[in-house]
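Colleague: Dropping a structure here in C-alpha cells format, bear with me for questions.
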Amino acid sequence: MSERPKKILIIDDDPDFVRTTGIVLKSAGYEVFEALSGREGLEKSKSDKPDLYIIDLMMETYSEGSNVVRILGEDIETKEKPRIMITSVDLKGPWEAYPQDEWLACDVLLQKPVSPDDLLKCVRDALART
Amino acid sequence: MTVKAARILVIDDEKVVRDSCTRILSSEGYEVRSAENGYQGLEVFREFHPDLVLVDLKMPGKSGMEVLKDIERAEPNVVKIVITGYATVSSAVDSMKRGAYDFIPKPYTPDEILLIVSRGLERRRLLLEAEALRAEREKTRRNMISLVSHELRSPLAAAVQYLDVILGGMAGEVSSDAREMTHRCNMRLRELLDLMSRWLSLATFDPIRIAEHFENIDLSDVAGKSLDALRSLAEEKNVSLALELPPGLPPIKGSKVLLEEIFTNLVSNAIKYNREGGSVKVSFKQKHQQVQLEISDNGIGIQEEHLPRLFDEFYRVNGRRTAPVKGWGLGLSIVKRMVEAHGGRIDVKSRFGEGTTFTVTFPMIIEPQRET
C-alpha cells in the first residue's frame, strides 16, 4: 500500500533554518512547503493544505509565530493539524520577557538547534497522534 | 539652560527657626518650603519633592524621628538633616542611624546652615548619580540577556543545523577528514551554546520569584533521581557512587528542579574530578534545625589557594587551557545561588591529592506556631 507523503509547512523568517529543516524532512520522505513570514504561511496553509506545521515563535515581531499558531488553532480547517513551534530563544532563559499564554495552541515547543533525529521523531509522534 | 534650584523643606514647630532657615536659604537661591509639624511636613514632602529636608527632632505630635523614618522609607535618596538643641546630640546621632545625613545644632549661624546644606546637596547629587548608574546597569543587563537569549543564539543554531545536515549525509559525500572536522566544528559551537545557556541562567536567576513556587521536597527522592541519571558517567570514569540516607529525613521547602540541579552539578563534579577507581559518597544528616547534605570524593582535591574563589563566576581551578575537564567556571556559582535561594549554605573542604567534601545545609521546615 502506498500512502501519499505527508505534507509539512515550515513557517520561519530565517531562510537558513527553513533550508536545513526542509532538507531533513525531505530526506525522510515528507513533502515540504516553505513560508518566510506569518502571512505567507497562512496563505500557503490555505493553498497547500499541509498535514503538519513547523512554526518559528518569533519572526518579524515577538508574537508573530504565536499569532499564526492561534489562528490555525481556531480555524475549523486546520485546528486538528499538529503544530510544532520552534524558537532560538534559550528555553531556560528570561521567559518573562516573552508572551506565554498563546503557547498552548501548539503541540510541542522545540529549541533550535534541533538535531535531525529529534526533529523527525517529533514530527512522526505528532503525525501519529492525528 | 538654567539649572533647577535645589528644593529644601524645613519642618520645625518654632516659627523663628522656619523663618530664619527660609530667609538664609532663599537668599542663596534655593527654593524653600516649610511646615510646622510632622504631619504637615509629610504632606508638603509628597507634593513638593524636595532634594533635602531639615527636620526638627523635638516637635509636638508626630516626632522628628518618625518623620525621618517615613521619608527614608518613601524616598531614601532624599537627604535628611536633623535640627537639634545641644542637649540632644545623642538623639541626633541616633537619628543618623535612621537615615539622617547630618545634624545642625541649635543655635546656628547662617554660615553653618549654608555649609551643612551645601554638603547635603552634594550628597544628594551623588545619590542620584548612583541611582542613575544602577538603572543604566540594569538596562544593560536586560539588553544583554535579550541579546544572548535570542540574537546571539539564532546564527549559532542555524550554523549547527547546517553541520547536522552535512554530518547526517544529507548534503552528499564528504571525505572522512572533512567529516571529522565538521564534527569538531559542531561540538565547539554546541559548547558555545552551552556557555550562553549557563550565563543566562545566572543572569536571570531571581531568588524571590523562585521562592514563590517552593513546595515540600523529600531530598531522598531528589538525590536518588539525580544519582540514577549520573550512573553511566560514573561507570565510564570507573568511579563508585554511594548514597547514605538516614530513615525519616524531614522534607525541606524548595524547588525540585533547582535541587536536582544542585545535586547533579555537585555529584557530577565529584565524578569528573575524581581518579580511576575513586569513589563518591552522598550522605544526609539532620542537625539542629537543618538538613545537611555532604558530597565527598577521594579524587584529585583542590589546592588551598583556590578554595576562597571557588564559587566565583568564571573562576577555574586549573585555568582555561590546561584543565583536564572542560567547563566554564559557572557551575559552582550557579549552585551557590541556588542553595542560597533556599535559605541554605554551601561550604567546601579539600585536601589536594586526597579529595573534596562539599557540605550543603538547608533549613528545616518550621511549622508556624498556632495562635491561641
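The chains in the C-alpha cells are called A, B, ... from first to last as shown; in each chain the residues are counted from 1, and the ligands are counted from 1 in the order shown.
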Just the strand (DSSP E) stuff from region 170-298 of chain B, please, per backbone DSSP, written as a list in words.
Modeller: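 Residues meeting the strand (DSSP E) criterion: Glu215, Asn216, Ile217, Ser240, Leu241, Ala242, Leu243, Glu244, Ile252, Lys253, Gly254, Ser279, Val280, Lys281, Val282, Ser283, Phe284, Lys285, Gln286, Lys287, Gln290, Val291, Gln292, Leu293, Glu294, Ile295, Ser296 and Asp297 of chain B.
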Colleague: Could you give me, as a ChimeraX atom specification, the residues within 12 Å of Lys49 (chain A), counting only C-alpha atoms and dropping anything in the same chain fewer than 6 positions from it?
Modeller: /A:6-9,31-33,41-43,72,77-79,81
Colleague: Taking only C-alpha atoms into account, name the residue in B:Thr356, B:Ser333, B:Ser201, B:Gln161 that is nearest to Thr20 (chain A).
Modeller: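 With only C-alpha atoms as the atom set, the closest residue is B:Gln161.
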Colleague: Give me, as a list in words, the contact residues of chain B against chain A at a cut-off of 6 Å, counting only C-alpha atoms.
Modeller: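 Here is what falls inside 6 Å: Ser149, His150, Ser154, Ala157, Ala158, Gln161 and Leu200 of chain B.
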Colleague: What residues in chain A get the DSSP label helix (DSSP H, G or I)? Please answer as a ChimeraX atom specification.
Modeller: /A:15-27,38-48,64-74,95-97,101-105,116-128
Colleague: Deliver the residues from the most recent selection as a file, using C-alpha atoms, as an mmCIF file, in the first residue's frame.
Modeller:
```cif
data_model
loop_
_atom_site.group_PDB
_atom_site.id
_atom_site.type_symbol
_atom_site.label_atom_id
_atom_site.label_comp_id
_atom_site.auth_asym_id
_atom_site.auth_seq_id
_atom_site.Cartn_x
_atom_site.Cartn_y
_atom_site.Cartn_z
ATOM 1 C CA PRO A 15 15.961 31.112 5.384
ATOM 2 C CA ASP A 16 18.844 29.020 6.724
ATOM 3 C CA PHE A 17 16.596 27.309 9.204
ATOM 4 C CA VAL A 18 13.942 26.752 6.528
ATOM 5 C CA ARG A 19 16.536 25.251 4.242
ATOM 6 C CA THR A 20 18.125 22.813 6.703
ATOM 7 C CA THR A 21 14.792 21.780 8.175
ATOM 8 C CA GLY A 22 13.464 21.221 4.657
ATOM 9 C CA ILE A 23 16.426 19.015 3.741
ATOM 10 C CA VAL A 24 15.976 16.871 6.838
ATOM 11 C CA LEU A 25 12.231 16.450 6.274
ATOM 12 C CA LYS A 26 12.612 15.671 2.559
ATOM 13 C CA SER A 27 15.280 13.091 3.357
ATOM 14 C CA GLY A 38 3.449 34.513 9.117
ATOM 15 C CA ARG A 39 1.261 35.967 6.369
ATOM 16 C CA GLU A 40 2.821 33.838 3.653
ATOM 17 C CA GLY A 41 2.402 30.868 5.985
ATOM 18 C CA LEU A 42 -1.331 31.444 6.358
ATOM 19 C CA GLU A 43 -1.710 31.795 2.562
ATOM 20 C CA LYS A 44 0.203 28.581 1.908
ATOM 21 C CA SER A 45 -1.791 26.861 4.601
ATOM 22 C CA LYS A 46 -4.931 27.519 2.511
ATOM 23 C CA SER A 47 -3.398 26.586 -0.865
ATOM 24 C CA ASP A 48 -1.207 23.628 0.115
ATOM 25 C CA GLU A 64 4.035 36.686 15.007
ATOM 26 C CA GLY A 65 4.545 32.938 15.453
ATOM 27 C CA SER A 66 2.155 32.665 18.347
ATOM 28 C CA ASN A 67 -0.464 34.627 16.367
ATOM 29 C CA VAL A 68 -0.142 32.244 13.417
ATOM 30 C CA VAL A 69 -0.480 29.275 15.727
ATOM 31 C CA ARG A 70 -3.561 30.762 17.347
ATOM 32 C CA ILE A 71 -5.231 31.451 14.003
ATOM 33 C CA LEU A 72 -4.528 27.895 12.832
ATOM 34 C CA GLY A 73 -5.868 26.554 16.100
ATOM 35 C CA GLU A 74 -9.133 28.460 15.720
ATOM 36 C CA TRP A 95 10.693 33.764 29.852
ATOM 37 C CA GLU A 96 9.007 36.724 31.451
ATOM 38 C CA ALA A 97 10.168 38.834 28.515
ATOM 39 C CA ASP A 101 -0.305 32.183 27.177
ATOM 40 C CA GLU A 102 -0.548 31.636 23.425
ATOM 41 C CA TRP A 103 1.857 28.729 23.519
ATOM 42 C CA LEU A 104 -0.868 26.373 24.461
ATOM 43 C CA ALA A 105 -2.038 26.497 20.867
ATOM 44 C CA PRO A 116 17.677 15.773 12.577
ATOM 45 C CA ASP A 117 16.803 12.769 14.753
ATOM 46 C CA ASP A 118 14.890 14.850 17.285
ATOM 47 C CA LEU A 119 13.051 16.722 14.569
ATOM 48 C CA LEU A 120 11.981 13.586 12.731
ATOM 49 C CA LYS A 121 10.913 11.853 15.924
ATOM 50 C CA CYS A 122 8.873 14.854 16.944
ATOM 51 C CA VAL A 123 7.187 15.014 13.530
ATOM 52 C CA ARG A 124 6.468 11.267 13.500
ATOM 53 C CA ASP A 125 4.997 11.381 17.005
ATOM 54 C CA ALA A 126 2.836 14.384 16.195
ATOM 55 C CA LEU A 127 1.510 12.821 12.981
ATOM 56 C CA ALA A 128 0.825 9.538 14.759
#
```
Colleague: Could you jot down the CA of Leu332 (chain B) to CA of Thr359 (chain B) separation for me, Å, one decimal place?
Modeller: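 Between these atoms lies a distance of 12.8 Å.
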Colleague: Which polymer residues have any atom within 7 Å of an atom of Gly344 (chain B), counting only C-alpha atoms, with same-chain residues fewer than 5 positions away left out, as JSON, numbers by chain?
Modeller: {"B": [339, 360, 361, 362, 363]}
Colleague: Please identify all polymer residues within 7 Å of region 89-99 of chain B, counting only C-alpha atoms, omitting same-chain residues fewer than 4 positions from it, and present them as a list in words.
Modeller: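 What passes the distance filter is Met65, Lys69, Glu72, Val82, Thr84 and Phe103 of chain B.
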Colleague: Hey, what's within 9 Å of Leu266 (chain B) if we count only C-alpha atoms and toss same-chain stuff fewer than 5 positions away? As a PDB file with C-alpha atoms, in the first residue's frame, please?
Modeller:
```pdb
ATOM      1  CA  GLU B 261      20.359  20.788  39.522  1.00  0.00           C
ATOM      2  CA  ILE B 271      32.808  12.175  39.452  1.00  0.00           C
ATOM      3  CA  ILE B 295      29.078  15.080  48.928  1.00  0.00           C
ATOM      4  CA  GLY B 331      28.621  25.642  37.610  1.00  0.00           C
ATOM      5  CA  LEU B 332      29.527  26.265  41.232  1.00  0.00           C
ATOM      6  CA  VAL B 335      24.904  26.127  42.617  1.00  0.00           C
ATOM      7  CA  PHE B 358      31.016  19.880  49.753  1.00  0.00           C
TER       8      PHE B 358
END
```
Colleague: Looking at only C-alpha atoms, which of A:Asp107, A:Glu34, A:Tyr62, A:Ile55 is the one that sits closest to Ile86 (chain A)?
Modeller: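 With only C-alpha atoms as the atom set, the closest residue is A:Ile55.
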Colleague: Please compute the CA of His342 (chain B)-CA of Ser146 (chain B) distance, one decimal, in Å.
Modeller: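 Interatomic distance, CA of His342 (chain B) to CA of Ser146 (chain B): 26.9 Å.
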